[in-house]
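See below for the structure under consideration.
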Amino acid sequence: MSSSFLPSTSFATQRRTSQKLGNPITAGPLDPCITPAPSPRPIFQFLAFGLIIFLALLQLLPATHFRDPFDPFRNWTPLHSNPSSPLRELRDARNADGGGDDGMVHVVSWMDCLDLRALAVLANSTLSSSSHPDLVFFHFFIPGGNEDKVSFYKLKVLFPHSNLEIHGQEQVKEIMRTVFSGGQYAEPSYEEIVPFIIPTVHNFLRKFIFVSANVIMKARVEELIGVDMNNYAIATAEDCSQRLKNYVNLDVLHAIQRSASKAWVSETPYAKDSCLPDFSVLVINARKLEKDLVEIVLWWSKALNLRERFQILLYFRFPFCIYESDMVPVHLCLFRRLLTWTSKKNLAVALALYNSYLKLSSSWLVKDFSSSQVNNSMIIHYDGPKTSCKESINGTASEYSHGAVWTQYLPSTSDRILGS
């Protein structure tokens with residue numbers, strides 16, 4: 001046993017000694033079952049190199065599409081797309097002189113008597129018609145203002161993803177009361193003058209669209225914000241069913257023109273067939289508004305009021321008077337004049353803006369819901385139940401005759417939320 005054991009011990013000792021001396025151990029041949037790595041073919045090496053060169057050359061080509069930074073959906077837009085697209089117009093209006101600084105379409109509305117149903121129809125019709133509702137920002141001026149949290153939350157329940165703010169009216173009304181204090185002024189309606197006072201109270205509204213609360217918007221409001229206004233501060237459509245000659249005696253107007261030496265009085269005679277501006281939809285660039293615009297309105301209000309008082313005195317002194325080139329009895333003349341005074345728009349604002357605003361296309365004129373062109377109209381008057389100031393306190397609405405267009409923008413569930 002010792003003879004068989006000793007040789008193996010000696011061989012193991014010899015192997016460890018050889019490893020310490022650094023003698024390499026020669027490896028045996030590879031296993032024939034393992035195949036060597038294949039060498040690539042020259043044709044594939046050439047194609048790979050050509051692909052790298054092709055991708056490098058693509059970087060030298062001009063760009064054809066881009067992602068608009070003002071597009072909330074981050075869509076790819078052709079670089080040479082139609083420049084009249086609403087999104088491009090909105091971006092150009094934002095970057096142009098007098099445009100907004102935040103890229104939003106600010107829609108401002110004023111409501112003397114709170115009617116959440118009408119506001120909801122206005123908001124929903126505007127958002128439904130817009131191509132980019134995320135860019136529309138509503139500013140509603142209501143009697144309760146910021147303190148009326150209930151009205152705000154009701155609207156937010158209906159439009160949770162909309163940009164909406166509620167503002168008070170007291171600051172604007174205080175300015176109007178201060179400016180028009182005194183008995184010699186015919187104070188205009190709030191809706192006709194507040195669009196020009198609001199920017200002085202809220203300076204962040206540099207360019208905005210003023211929309212009457214009693215309209216249904218079927219057009220895209222972003223198209224309005226992209227209108228090229230040049231040097232005009234105001235843009236609006238004209239209502240040719242209301243002409244200057246129907247609301248003022250042209251002889252009186254020409255007498256004022258001859259006796260006054262004001263820069264805002266037209267040097268040329270006022271055209272009797274001039275169409276009056278529609279104050280339901282206005283585009284206002286506050287940066288270009290005349291600083292003395294309210295003063296101009298005040299001056300015209302005073303001049304017209306004094307002339308009308310003088311006419312009333314003449315009616316009682318003479319048995320006949322001339323009304324629209326016809327000699328009529330004084331009582332009929334006075335009756336016609338009183339009807340005109342009670343139904344007319346405030347001429348002070350219209351004359352203050354005479355030839356000083358950009359005339360929009362007639363398609364932006366607000367049509368009545370009973371008109372035959374209502375289906376083709378871009379904006380129509382609100383045809384739902386009306387709420388008067390007395391009824392808004394009690395939370396009821398008058399049952400006047402109305403249409404059915406408003407129901408398309410206010411489902412029955414929404415009506416219950418607003419009425420709760």
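In the structure tokens, the first chain shown is A, the next is B, and so on; residue numbers restart at 1 for each chain, and ligands run from 1 in the order shown.
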
Mind dumping a table of every stretch 211-323 of chain A residue within 10 Å of stretch 173-180 of chain A, with the nearest atom pair and its distance in Å to one decimal, using only C-alpha atoms, sorted by chain and rising number, as a Markdown table?
| residue | atom | partner | partner_atom | distance |
| --- | --- | --- | --- | --- |
| A:Val294 | CA | A:Val179 | CA | 8.2 |
| A:Glu295 | CA | A:Val179 | CA | 8.3 |
| A:Val297 | CA | A:Phe180 | CA | 9.9 |
| A:Leu298 | CA | A:Phe180 | CA | 7.1 |
| A:Ser301 | CA | A:Phe180 | CA | 9.2 |
| A:Lys302 | CA | A:Phe180 | CA | 9.5 |

(request) Can you list, as a ChimeraX atom specification, all residues belonging to stretch 115-208 of chain A that DSSP tags as helix (DSSP H, G or I)? (result) /A:116-129,133-135,145-147,149-158,170-179,190-201

(request) Kindly indicate which residue among A:Val172, A:Val265, A:Gly103, A:Ser162 lies nearest to A:Lys207, using only C-alpha atoms for the distances. (result) A:Gly103

(request) Measuring atom to atom with only C-alpha atoms, identify which of A:Gly50, A:Gly419, A:Gly145, A:Pro62 is nearest to A:His167. (result)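 When distances to A:His167 are compared using only C-alpha atoms, the smallest one comes from A:Gly145.
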
(message) Calculated over only C-alpha atoms, which of the candidates A:Pro160, A:Gly144, A:Gly168, A:Pro385 has the smallest distance to A:Val201?
(response) A:Gly168

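Here atom CA of A:Val211 and atom CA of A:Val121 stand 12.6 Å from one another.
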
I need the residues of stretch 152-227 of chain A that end up classed as strand (DSSP E) by DSSP on the backbone, written out as a short mmCIF file (atom, residue, chain, number, x, y, z; two decimals) with N, CA, C and O atoms, in the first residue's frame.
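Result file states-v4.cif:
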data_model
loop_
_atom_site.label_atom_id
_atom_site.label_comp_id
_atom_site.auth_asym_id
_atom_site.auth_seq_id
_atom_site.Cartn_x
_atom_site.Cartn_y
_atom_site.Cartn_z
N ASN A 163 -61.26 77.55 -17.61
CA ASN A 163 -60.61 78.68 -16.94
C ASN A 163 -61.68 79.74 -16.70
O ASN A 163 -62.20 80.32 -17.65
N LEU A 164 -62.00 79.96 -15.45
CA LEU A 164 -63.15 80.82 -15.13
C LEU A 164 -62.88 81.59 -13.85
O LEU A 164 -62.38 81.02 -12.87
N GLU A 165 -63.20 82.87 -13.89
CA GLU A 165 -63.08 83.73 -12.71
C GLU A 165 -64.33 84.58 -12.56
O GLU A 165 -64.97 84.97 -13.55
N ILE A 166 -64.68 84.86 -11.31
CA ILE A 166 -65.80 85.74 -10.99
C ILE A 166 -65.23 87.03 -10.42
O ILE A 166 -64.38 87.01 -9.53
N HIS A 167 -65.72 88.16 -10.93
CA HIS A 167 -65.25 89.47 -10.46
C HIS A 167 -66.43 90.30 -9.96
O HIS A 167 -67.57 90.12 -10.42
N LYS A 207 -55.65 92.66 -23.89
CA LYS A 207 -56.45 92.45 -25.11
C LYS A 207 -57.48 91.37 -24.79
O LYS A 207 -57.13 90.27 -24.35
N PHE A 208 -58.74 91.68 -25.01
CA PHE A 208 -59.79 90.76 -24.63
C PHE A 208 -61.00 90.94 -25.54
O PHE A 208 -61.09 91.89 -26.33
N ILE A 209 -61.93 90.00 -25.41
CA ILE A 209 -63.18 90.04 -26.16
C ILE A 209 -64.31 90.26 -25.16
O ILE A 209 -64.49 89.46 -24.24
N PHE A 210 -65.02 91.35 -25.32
CA PHE A 210 -66.17 91.61 -24.47
C PHE A 210 -67.41 91.06 -25.16
O PHE A 210 -67.71 91.40 -26.31
N VAL A 211 -68.13 90.20 -24.46
CA VAL A 211 -69.31 89.55 -25.01
C VAL A 211 -70.48 89.78 -24.06
O VAL A 211 -70.35 89.61 -22.85
N VAL A 215 -75.99 86.24 -25.03
CA VAL A 215 -75.78 85.76 -26.39
C VAL A 215 -75.40 84.29 -26.35
O VAL A 215 -74.95 83.76 -25.32
N ILE A 216 -75.56 83.64 -27.48
CA ILE A 216 -75.13 82.26 -27.68
C ILE A 216 -74.04 82.29 -28.75
O ILE A 216 -74.29 82.71 -29.88
N MET A 217 -72.85 81.87 -28.38
CA MET A 217 -71.70 81.95 -29.27
C MET A 217 -71.57 80.66 -30.07
O MET A 217 -71.29 79.59 -29.52
#

(message) Would you compute the distance between atom CA of A:Ser377 and atom CA of A:Met104? Give it in Å to one decimal.
(response) 25.0 Å

(request) Calculate how many Å separate atom CA of A:Asp278 from atom CA of A:Leu360, rounding to one decimal. (result)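 According to the coordinates, atom CA of A:Asp278 and atom CA of A:Leu360 are separated by 10.2 Å.
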
(message) Which residues are near stretch 105-117 of chain A? Cut-off 8 Å, only C-alpha atoms, ignore same chain within fewer than 4 positions. Put them as a ChimeraX atom specification.
(response) /A:90,121,135-143,151,155,190-191,194,205,207-213,221-222,225,387-389,392,410,415,418

(message) Calculated over only C-alpha atoms, which of the candidates A:Leu119, A:Val405, A:Leu55, A:Leu289 has the smallest distance to A:Lys218?
(response)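 Looking only at the distances to A:Lys218, the closest residue turns out to be A:Val405.
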
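You can rank A:Ile43, A:Trp264, A:Ile417, A:Ser241 by their closest distance to A:Leu365 using only C-alpha atoms, and at the top of that list sits A:Ser241.
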